[in-house]
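J.: As input, take structure24.txt (compact mmCIF, C-alpha atoms):
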# COMPACT_ATOMS: atom_id res chain seq x y z
CA GLY A 1446 176.42 119.27 -108.08
CA ALA A 1447 178.13 120.50 -111.21
CA GLY A 1448 179.41 117.07 -112.19
CA VAL A 1449 179.29 113.42 -111.21
CA SER A 1450 181.33 112.89 -108.07
CA GLN A 1451 182.84 109.55 -107.09
CA SER A 1452 184.64 108.50 -103.95
CA PRO A 1453 187.10 107.23 -103.06
CA SER A 1454 189.29 108.14 -105.99
CA ASN A 1455 191.60 105.26 -105.17
CA LYS A 1456 191.12 102.29 -102.87
CA VAL A 1457 193.59 99.57 -102.01
CA THR A 1458 192.22 96.61 -100.09
CA GLU A 1459 193.16 93.12 -99.11
CA LYS A 1460 191.59 90.08 -100.69
CA GLY A 1461 188.48 89.04 -98.80
CA LYS A 1462 187.59 92.49 -97.49
CA ASP A 1463 184.40 94.35 -98.39
CA VAL A 1464 184.50 97.72 -100.17
CA GLU A 1465 181.96 100.44 -100.83
CA LEU A 1466 182.19 102.86 -103.72
CA ARG A 1467 180.05 105.96 -103.81
CA CYS A 1468 178.56 107.96 -106.66
CA ASP A 1469 176.89 111.35 -106.34
CA PRO A 1470 175.16 112.14 -109.66
CA ILE A 1471 174.32 115.49 -111.19
CA SER A 1472 171.36 117.06 -109.46
CA GLY A 1473 168.14 116.27 -111.31
CA HIS A 1474 169.54 113.28 -113.17
CA THR A 1475 167.18 110.39 -112.57
CA ALA A 1476 169.18 107.73 -114.41
CA LEU A 1477 172.41 106.35 -112.96
CA TYR A 1478 174.78 103.72 -114.39
CA TRP A 1479 177.74 101.79 -113.02
CA TYR A 1480 180.46 100.50 -115.34
CA ARG A 1481 183.65 98.54 -114.71
CA GLN A 1482 186.83 99.17 -116.67
CA ARG A 1483 189.68 96.68 -116.36
CA LEU A 1484 193.17 97.88 -117.20
CA GLY A 1485 193.44 98.75 -120.89
CA GLN A 1486 189.93 97.52 -121.61
CA GLY A 1487 186.58 98.98 -122.56
CA LEU A 1488 183.76 99.69 -120.18
CA GLU A 1489 181.55 96.84 -119.00
CA PHE A 1490 178.01 97.68 -117.92
CA LEU A 1491 177.15 96.64 -114.38
CA ILE A 1492 173.80 98.12 -113.34
CA TYR A 1493 171.30 100.82 -114.24
CA PHE A 1494 169.08 102.77 -111.87
CA GLN A 1495 166.01 104.79 -112.75
CA GLY A 1496 165.17 106.65 -109.57
CA ASN A 1497 165.71 104.22 -106.73
CA SER A 1498 164.88 101.08 -108.67
CA ALA A 1499 167.26 99.00 -110.78
CA PRO A 1500 165.48 97.74 -113.92
CA ASP A 1501 168.70 96.26 -115.28
CA LYS A 1502 171.21 94.47 -113.07
CA SER A 1503 172.33 92.14 -115.82
CA GLY A 1504 175.98 93.20 -115.71
CA LEU A 1505 176.67 92.45 -112.05
CA PRO A 1506 179.30 89.69 -112.29
CA SER A 1507 178.42 87.74 -109.15
CA ASP A 1508 176.36 87.85 -106.00
CA ARG A 1509 179.32 89.49 -104.27
CA PHE A 1510 178.36 92.68 -106.13
CA SER A 1511 175.38 94.76 -105.08
CA ALA A 1512 174.27 98.35 -105.48
CA GLU A 1513 171.65 100.61 -104.08
CA ARG A 1514 170.41 104.10 -104.63
CA THR A 1515 168.61 106.18 -102.07
CA GLY A 1516 166.53 109.33 -102.41
CA GLY A 1517 166.92 109.14 -106.17
CA SER A 1518 170.41 110.53 -105.74
CA VAL A 1519 173.51 108.94 -104.23
CA SER A 1520 174.37 105.37 -105.18
CA THR A 1521 176.66 102.90 -103.46
CA LEU A 1522 178.30 99.92 -105.16
CA THR A 1523 179.34 97.27 -102.67
CA ILE A 1524 181.76 94.44 -103.39
CA GLN A 1525 181.90 91.75 -100.73
CA ARG A 1526 184.81 89.38 -100.16
CA THR A 1527 186.90 91.11 -102.79
CA GLN A 1528 189.00 89.06 -105.18
CA GLN A 1529 192.03 90.11 -107.22
CA GLU A 1530 189.98 89.98 -110.42
CA ASP A 1531 187.81 92.76 -108.99
CA SER A 1532 190.72 95.17 -109.45
CA ALA A 1533 189.51 97.79 -111.93
CA VAL A 1534 188.26 101.33 -112.29
CA TYR A 1535 184.58 101.61 -111.42
CA LEU A 1536 182.90 104.43 -113.32
CA CYS A 1537 179.56 105.98 -112.56
CA ALA A 1538 177.48 108.00 -115.02
CA SER A 1539 174.21 109.86 -114.75
CA SER A 1540 171.71 111.32 -117.16
CA LEU A 1541 168.28 112.80 -117.46
CA ALA A 1542 165.41 110.34 -117.88
CA PRO A 1543 166.28 107.97 -120.76
CA GLY A 1544 163.12 108.85 -122.66
CA ILE A 1545 164.61 112.14 -123.74
CA ARG A 1546 166.20 111.74 -127.17
CA ALA A 1547 168.85 114.35 -126.46
CA ASN A 1548 169.89 112.40 -123.38
CA VAL A 1549 173.65 112.11 -122.84
CA LEU A 1550 175.55 110.28 -120.12
CA THR A 1551 177.92 112.31 -117.97
CA PHE A 1552 180.67 110.30 -116.30
CA GLY A 1553 182.53 110.69 -113.05
CA ALA A 1554 186.29 110.28 -112.78
CA GLY A 1555 185.94 106.78 -111.40
CA SER A 1556 187.16 104.87 -108.37
CA ARG A 1557 190.27 102.79 -108.90
CA LEU A 1558 190.11 99.61 -106.84
CA THR A 1559 193.22 97.52 -106.25
CA VAL A 1560 192.83 94.19 -104.47
CA LEU A 1561 196.07 92.79 -103.11
CA ALA B 498 172.69 91.93 -128.34
CA GLN B 499 174.61 94.78 -129.80
CA THR B 500 178.38 94.68 -130.14
CA VAL B 501 180.90 97.42 -130.89
CA THR B 502 184.32 96.70 -132.36
CA GLN B 503 187.34 98.96 -132.53
CA SER B 504 189.99 97.16 -134.53
CA GLN B 505 192.84 99.60 -133.87
CA PRO B 506 194.29 99.14 -130.37
CA GLU B 507 196.73 102.01 -130.97
CA MET B 508 197.11 104.87 -133.42
CA SER B 509 199.56 107.72 -133.68
CA VAL B 510 199.55 111.05 -135.49
CA GLN B 511 201.82 114.04 -135.90
CA GLU B 512 200.66 117.30 -134.42
CA ALA B 513 198.58 119.31 -136.95
CA GLU B 514 197.92 116.21 -139.06
CA THR B 515 194.67 114.28 -139.50
CA VAL B 516 193.87 110.85 -138.09
CA THR B 517 190.88 108.55 -138.45
CA LEU B 518 189.77 106.05 -135.80
CA SER B 519 187.61 103.12 -136.90
CA CYS B 520 184.54 101.62 -135.31
CA THR B 521 182.06 99.02 -136.49
CA TYR B 522 178.98 97.79 -134.71
CA ASP B 523 176.42 95.07 -135.00
CA THR B 524 172.73 95.62 -134.39
CA SER B 525 169.34 94.59 -135.74
CA GLU B 526 167.79 97.89 -134.69
CA SER B 527 167.09 100.79 -137.02
CA ASP B 528 166.95 103.59 -134.46
CA TYR B 529 169.95 104.15 -132.25
CA TYR B 530 172.70 106.56 -131.29
CA LEU B 531 176.45 106.34 -131.70
CA PHE B 532 179.02 108.18 -129.65
CA TRP B 533 182.73 108.80 -129.44
CA TYR B 534 184.10 109.36 -125.94
CA LYS B 535 187.61 110.46 -125.03
CA GLN B 536 189.33 109.23 -121.87
CA PRO B 537 192.54 111.04 -120.94
CA PRO B 538 194.82 109.77 -118.15
CA SER B 539 192.60 111.58 -115.64
CA ARG B 540 190.05 108.78 -116.35
CA GLN B 541 187.26 111.29 -116.97
CA MET B 542 185.13 110.14 -119.91
CA ILE B 543 184.44 113.14 -122.13
CA LEU B 544 181.83 113.11 -124.88
CA VAL B 545 183.44 114.08 -128.18
CA ILE B 546 180.64 113.69 -130.68
CA ARG B 547 177.25 112.05 -131.15
CA GLN B 548 175.36 110.73 -134.17
CA GLU B 549 171.68 109.84 -134.42
CA ALA B 550 171.08 106.94 -136.77
CA TYR B 551 168.05 108.47 -138.45
CA LYS B 552 170.09 111.50 -139.51
CA GLN B 553 171.97 110.99 -142.76
CA GLN B 554 174.18 114.02 -142.26
CA ASN B 555 177.48 113.28 -140.53
CA ALA B 556 177.96 115.02 -137.19
CA THR B 557 180.72 117.60 -136.79
CA GLU B 558 182.11 119.30 -133.70
CA ASN B 559 184.92 121.72 -134.50
CA ARG B 560 187.97 119.58 -135.42
CA PHE B 561 186.07 116.33 -134.89
CA SER B 562 183.84 114.76 -137.51
CA VAL B 563 182.40 111.34 -138.18
CA ASN B 564 181.84 109.20 -141.24
CA PHE B 565 178.62 107.35 -140.51
CA GLN B 566 177.84 104.52 -142.93
CA LYS B 567 174.59 102.99 -141.68
CA ALA B 568 174.37 100.17 -144.22
CA ALA B 569 177.94 99.14 -143.50
CA LYS B 570 177.46 99.67 -139.74
CA SER B 571 180.57 101.78 -139.63
CA PHE B 572 181.20 104.90 -137.55
CA SER B 573 184.69 106.38 -137.85
CA LEU B 574 186.03 109.47 -136.12
CA LYS B 575 188.23 111.95 -137.95
CA ILE B 576 190.37 114.35 -135.95
CA SER B 577 191.73 117.23 -138.00
CA ASP B 578 194.63 119.49 -137.03
CA SER B 579 195.57 117.12 -134.20
CA GLN B 580 196.74 118.71 -130.97
CA LEU B 581 198.81 117.34 -128.11
CA GLY B 582 195.73 117.55 -125.91
CA ASP B 583 193.94 115.06 -128.16
CA ALA B 584 196.15 112.26 -126.85
CA ALA B 585 193.87 109.87 -124.99
CA MET B 586 191.97 106.60 -125.20
CA TYR B 587 189.00 106.91 -127.54
CA PHE B 588 185.91 104.78 -127.17
CA CYS B 589 183.12 104.21 -129.62
CA ALA B 590 179.74 103.50 -128.01
CA TYR B 591 176.25 102.43 -129.06
CA ARG B 592 172.93 103.21 -127.44
CA SER B 593 169.56 101.84 -128.43
CA ALA B 594 166.74 104.31 -128.97
CA ALA B 595 164.20 101.64 -128.06
CA GLY B 596 162.50 101.55 -124.69
CA GLY B 597 162.64 98.77 -122.19
CA THR B 598 164.69 98.13 -119.10
CA SER B 599 168.03 98.98 -120.70
CA TYR B 600 167.02 102.29 -122.16
CA GLY B 601 169.99 104.63 -122.10
CA LYS B 602 172.63 101.95 -121.49
CA LEU B 603 175.82 102.36 -123.55
CA THR B 604 177.70 99.47 -125.13
CA PHE B 605 181.38 100.29 -125.61
CA GLY B 606 184.14 99.14 -127.89
CA GLN B 607 187.53 98.16 -126.52
CA GLY B 608 189.09 101.53 -127.21
CA THR B 609 191.90 102.99 -129.29
CA ILE B 610 194.90 104.67 -127.69
CA LEU B 611 195.81 107.79 -129.65
CA THR B 612 199.32 109.21 -129.36
CA VAL B 613 200.07 112.67 -130.74
CA HIS B 614 203.70 113.39 -131.62
CA PRO B 615 204.99 116.98 -131.49
Mind converting the file's structure to structure tokens?

T.:
Amino acid sequence: GAGVSQSPSNKVTEKGKDVELRCDPISGHTALYWYRQRLGQGLEFLIYFQGNSAPDKSGLPSDRFSAERTGGSVSTLTIQRTQQEDSAVYLCASSLAPGIRANVLTFGAGSRLTVL
Amino acid sequence: AQTVTQSQPEMSVQEAETVTLSCTYDTSESDYYLFWYKQPPSRQMILVIRQEAYKQQNATENRFSVNFQKAAKSFSLKISDSQLGDAAMYFCAYRSAAGGTSYGKLTFGQGTILTVHP
């Protein structure tokens, strides 16, 4: 597609429920990143995909968080047994292969998650 | 690990005036990239300007320019002739040019909210 698409745009859930957030990157972008942005804060790195593999999962805050990417395209971030501290905007970004010096990340508009 | 610090939580400027946003970073690397991103209320992160560390010349994009001081590890953004549409949260970000598993990952500062007064 023309840009990075994320869905849902907004999600309200009850504590303890599972949620799935989807990211559809720009066509041809092999690298995909998930970030978390708490209210009024900067972006925290969660996970990086190159193709379907995730060389860097160091930012996932707990084992309740997982992500996968299939077909080198769409990625899903899953949060199990949601907690109130999971409330945040989850941003996805994609780019061409990181080895390219001119590489720039393009971000989606994010999914705002509210856990009641 | 690299860190990025934006010491100004909020800044304001009059329309048509000039404002400078500060950013400092800490790294032991010599080859890296620095970025300024803009995030309006729509949440969409928009790349404003990029600087490659090996280039001594400061990057410029229309009304936006940077003052890159490599020895001081400082990377400030100057917005000239400020417009109402410049109002947003601005983030400074660092990216290593080295390889490895985190190649391409951005490290962000905490952001500066810019208000533009008419």

J.: B:Leu544, B:Ala585, B:Ile576, B:Val563: which is nearest chain A, counting only C-alpha atoms?

T.: B:Leu544

J.: Give me the residues near B:Asp528 as a list of chain:residue names, where near means some atom within 9 Å (using only C-alpha atoms) and where sequence neighbours in that chain fewer than 6 positions away do not count.

T.: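 Here the qualifying residues turn out to be B:Glu549, B:Ala550, B:Tyr551, B:Ser593, B:Ala594, B:Ala595.
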
J.: I need the residue nearest A:Asn1497 from this list: A:Arg1509, A:Tyr1478, A:Leu1484, A:Ser1454. Use only C-alpha atoms for the distance.

T.: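 Checking each of A:Arg1509, A:Tyr1478, A:Leu1484, A:Ser1454 against A:Asn1497, counting only C-alpha atoms, the winner is A:Tyr1478.
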
J.: What are the residues of chain B lining chain A at 9 Å or less? Count all atoms listed in the file, and put the answer as a ChimeraX atom specification.

T.: /B:539-544,588,594,596-608

J.: Just the number, please: distance in Å from atom CA of B:Gln505 to atom CA of B:Arg560, one decimal.

T.: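 Distance reported for this atom pair: 20.6 Å.
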
J.: Pick the closest to B:Ser573 from B:Gln536, B:Ser527, B:Ser509, B:Thr609: which is it, counting all atoms listed in the file?

T.: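 Closest to B:Ser573, using all atoms listed in the file: B:Thr609.
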
J.: Could you state the separation of atom CA of B:Glu514 and atom CA of B:Thr612 in Å, given to one decimal place?

T.: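 Interatomic distance, atom CA of B:Glu514 to atom CA of B:Thr612: 12.0 Å.
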
J.: Which residues of stretch 523-587 of chain B come within 8 Å of stretch 499-504 of chain B, and what is each one's closest atom pair and distance in Å (one decimal), counting only C-alpha atoms, sorted by chain and residue number, as CSV?

T.:
residue,atom,partner,partner_atom,distance
B:Asp523,CA,B:Thr500,CA,5.3
B:Thr524,CA,B:Gln499,CA,5.0
B:Ser525,CA,B:Gln499,CA,7.9

J.: Between atom CA of A:Phe1510 and atom CA of B:Tyr591, what distance in Å does the model show, to one decimal?

T.: 25.0 Å

J.: Quick one: what's the axis-aligned box for stretch 1545-1560 of chain A, all listed atoms, 4 Å on every side, centre and edges in Å to one decimal, as lines of an AutoDock Vina configuration file?

T.:
center_x = 178.9
center_y = 104.3
center_z = -115.8
size_x = 36.6
size_y = 28.2
size_z = 30.7

J.: Between A:Val1560, A:Cys1537, A:Leu1505, A:Ile1524, which has the minimum distance to A:Asp1463 (counting only C-alpha atoms)?

T.: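 Result for the nearest residue to A:Asp1463: A:Ile1524.
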
J.: When distances are computed from all atoms listed in the file, which of B:Lys535, B:Arg592, B:Lys575, B:His614 shows the smallest separation from B:Gln548?

T.: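 The answer is B:Arg592, which sits nearest to B:Gln548.
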
J.: Quick one: residues within 6 Å of B:Phe532, all atoms listed in the file, excluding same-chain residues fewer than 5 positions away - as a list in words?

T.: Ile546, Arg547, Cys589 and Ala590 of chain B

J.: Take stretch 1468-1499 of chain A, model N, CA and C atoms, and hand the result over as a PDB file, in the coordinates of the input.

T.:
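See out04.pdb below for the written result:
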ATOM      1  N   CYS A1468     178.775 107.094-105.498  1.00  0.00           N
ATOM      2  CA  CYS A1468     178.560 107.960-106.660  1.00  0.00           C
ATOM      3  C   CYS A1468     177.497 108.993-106.326  1.00  0.00           C
ATOM      4  N   ASP A1469     177.832 110.249-106.554  1.00  0.00           N
ATOM      5  CA  ASP A1469     176.890 111.350-106.340  1.00  0.00           C
ATOM      6  C   ASP A1469     176.601 111.958-107.715  1.00  0.00           C
ATOM      7  N   PRO A1470     175.422 111.711-108.270  1.00  0.00           N
ATOM      8  CA  PRO A1470     175.160 112.140-109.660  1.00  0.00           C
ATOM      9  C   PRO A1470     174.860 113.633-109.740  1.00  0.00           C
ATOM     10  N   ILE A1471     174.718 114.101-110.955  1.00  0.00           N
ATOM     11  CA  ILE A1471     174.320 115.490-111.190  1.00  0.00           C
ATOM     12  C   ILE A1471     172.896 115.673-110.687  1.00  0.00           C
ATOM     13  N   SER A1472     172.677 116.773-110.009  1.00  0.00           N
ATOM     14  CA  SER A1472     171.360 117.060-109.460  1.00  0.00           C
ATOM     15  C   SER A1472     170.303 117.061-110.563  1.00  0.00           C
ATOM     16  N   GLY A1473     169.219 116.323-110.318  1.00  0.00           N
ATOM     17  CA  GLY A1473     168.140 116.270-111.310  1.00  0.00           C
ATOM     18  C   GLY A1473     168.253 115.119-112.280  1.00  0.00           C
ATOM     19  N   HIS A1474     169.375 114.447-112.282  1.00  0.00           N
ATOM     20  CA  HIS A1474     169.540 113.280-113.170  1.00  0.00           C
ATOM     21  C   HIS A1474     168.901 112.067-112.493  1.00  0.00           C
ATOM     22  N   THR A1475     167.894 111.506-113.167  1.00  0.00           N
ATOM     23  CA  THR A1475     167.180 110.390-112.570  1.00  0.00           C
ATOM     24  C   THR A1475     167.794 109.035-112.911  1.00  0.00           C
ATOM     25  N   ALA A1476     168.553 108.984-113.995  1.00  0.00           N
ATOM     26  CA  ALA A1476     169.180 107.730-114.410  1.00  0.00           C
ATOM     27  C   ALA A1476     170.629 107.693-113.940  1.00  0.00           C
ATOM     28  N   LEU A1477     171.040 106.514-113.463  1.00  0.00           N
ATOM     29  CA  LEU A1477     172.410 106.350-112.960  1.00  0.00           C
ATOM     30  C   LEU A1477     172.930 104.990-113.401  1.00  0.00           C
ATOM     31  N   TYR A1478     174.175 104.944-113.844  1.00  0.00           N
ATOM     32  CA  TYR A1478     174.780 103.720-114.390  1.00  0.00           C
ATOM     33  C   TYR A1478     176.127 103.479-113.705  1.00  0.00           C
ATOM     34  N   TRP A1479     176.411 102.203-113.466  1.00  0.00           N
ATOM     35  CA  TRP A1479     177.740 101.790-113.020  1.00  0.00           C
ATOM     36  C   TRP A1479     178.384 100.956-114.124  1.00  0.00           C
ATOM     37  N   TYR A1480     179.670 101.254-114.375  1.00  0.00           N
ATOM     38  CA  TYR A1480     180.460 100.500-115.340  1.00  0.00           C
ATOM     39  C   TYR A1480     181.764 100.073-114.673  1.00  0.00           C
ATOM     40  N   ARG A1481     182.342  98.997-115.175  1.00  0.00           N
ATOM     41  CA  ARG A1481     183.650  98.540-114.710  1.00  0.00           C
ATOM     42  C   ARG A1481     184.615  98.603-115.899  1.00  0.00           C
ATOM     43  N   GLN A1482     185.817  99.083-115.626  1.00  0.00           N
ATOM     44  CA  GLN A1482     186.830  99.170-116.670  1.00  0.00           C
ATOM     45  C   GLN A1482     188.112  98.524-116.174  1.00  0.00           C
ATOM     46  N   ARG A1483     188.419  97.334-116.691  1.00  0.00           N
ATOM     47  CA  ARG A1483     189.680  96.680-116.360  1.00  0.00           C
ATOM     48  C   ARG A1483     190.795  97.359-117.117  1.00  0.00           C
ATOM     49  N   LEU A1484     192.009  97.192-116.659  1.00  0.00           N
ATOM     50  CA  LEU A1484     193.170  97.880-117.200  1.00  0.00           C
ATOM     51  C   LEU A1484     193.267  97.681-118.716  1.00  0.00           C
ATOM     52  N   GLY A1485     193.282  98.796-119.451  1.00  0.00           N
ATOM     53  CA  GLY A1485     193.440  98.750-120.890  1.00  0.00           C
ATOM     54  C   GLY A1485     192.249  98.233-121.655  1.00  0.00           C
ATOM     55  N   GLN A1486     191.108  98.093-120.975  1.00  0.00           N
ATOM     56  CA  GLN A1486     189.930  97.520-121.610  1.00  0.00           C
ATOM     57  C   GLN A1486     188.811  98.555-121.768  1.00  0.00           C
ATOM     58  N   GLY A1487     187.765  98.140-122.446  1.00  0.00           N
ATOM     59  CA  GLY A1487     186.580  98.980-122.560  1.00  0.00           C
ATOM     60  C   GLY A1487     185.741  98.926-121.303  1.00  0.00           C
ATOM     61  N   LEU A1488     184.631  99.615-121.340  1.00  0.00           N
ATOM     62  CA  LEU A1488     183.760  99.690-120.180  1.00  0.00           C
ATOM     63  C   LEU A1488     182.707  98.586-120.234  1.00  0.00           C
ATOM     64  N   GLU A1489     182.566  97.880-119.112  1.00  0.00           N
ATOM     65  CA  GLU A1489     181.550  96.840-119.000  1.00  0.00           C
ATOM     66  C   GLU A1489     180.403  97.367-118.150  1.00  0.00           C
ATOM     67  N   PHE A1490     179.193  97.255-118.659  1.00  0.00           N
ATOM     68  CA  PHE A1490     178.010  97.680-117.920  1.00  0.00           C
ATOM     69  C   PHE A1490     177.786  96.780-116.709  1.00  0.00           C
ATOM     70  N   LEU A1491     177.464  97.400-115.579  1.00  0.00           N
ATOM     71  CA  LEU A1491     177.150  96.640-114.380  1.00  0.00           C
ATOM     72  C   LEU A1491     175.667  96.719-114.028  1.00  0.00           C
ATOM     73  N   ILE A1492     175.169  97.952-113.832  1.00  0.00           N
ATOM     74  CA  ILE A1492     173.800  98.120-113.340  1.00  0.00           C
ATOM     75  C   ILE A1492     173.293  99.494-113.722  1.00  0.00           C
ATOM     76  N   TYR A1493     171.974  99.572-113.876  1.00  0.00           N
ATOM     77  CA  TYR A1493     171.300 100.820-114.240  1.00  0.00           C
ATOM     78  C   TYR A1493     170.185 101.099-113.242  1.00  0.00           C
ATOM     79  N   PHE A1494     170.140 102.324-112.760  1.00  0.00           N
ATOM     80  CA  PHE A1494     169.080 102.770-111.870  1.00  0.00           C
ATOM     81  C   PHE A1494     168.229 103.819-112.566  1.00  0.00           C
ATOM     82  N   GLN A1495     166.927 103.717-112.387  1.00  0.00           N
ATOM     83  CA  GLN A1495     166.010 104.790-112.750  1.00  0.00           C
ATOM     84  C   GLN A1495     165.315 105.155-111.438  1.00  0.00           C
ATOM     85  N   GLY A1496     165.607 106.344-110.925  1.00  0.00           N
ATOM     86  CA  GLY A1496     165.170 106.650-109.570  1.00  0.00           C
ATOM     87  C   GLY A1496     165.882 105.707-108.616  1.00  0.00           C
ATOM     88  N   ASN A1497     165.122 105.126-107.704  1.00  0.00           N
ATOM     89  CA  ASN A1497     165.710 104.220-106.730  1.00  0.00           C
ATOM     90  C   ASN A1497     165.647 102.755-107.140  1.00  0.00           C
ATOM     91  N   SER A1498     165.001 102.478-108.254  1.00  0.00           N
ATOM     92  CA  SER A1498     164.880 101.080-108.670  1.00  0.00           C
ATOM     93  C   SER A1498     165.899 100.746-109.740  1.00  0.00           C
ATOM     94  N   ALA A1499     166.228  99.466-109.838  1.00  0.00           N
ATOM     95  CA  ALA A1499     167.260  99.000-110.780  1.00  0.00           C
ATOM     96  C   ALA A1499     166.625  98.057-111.793  1.00  0.00           C
TER      97      ALA A1499
END
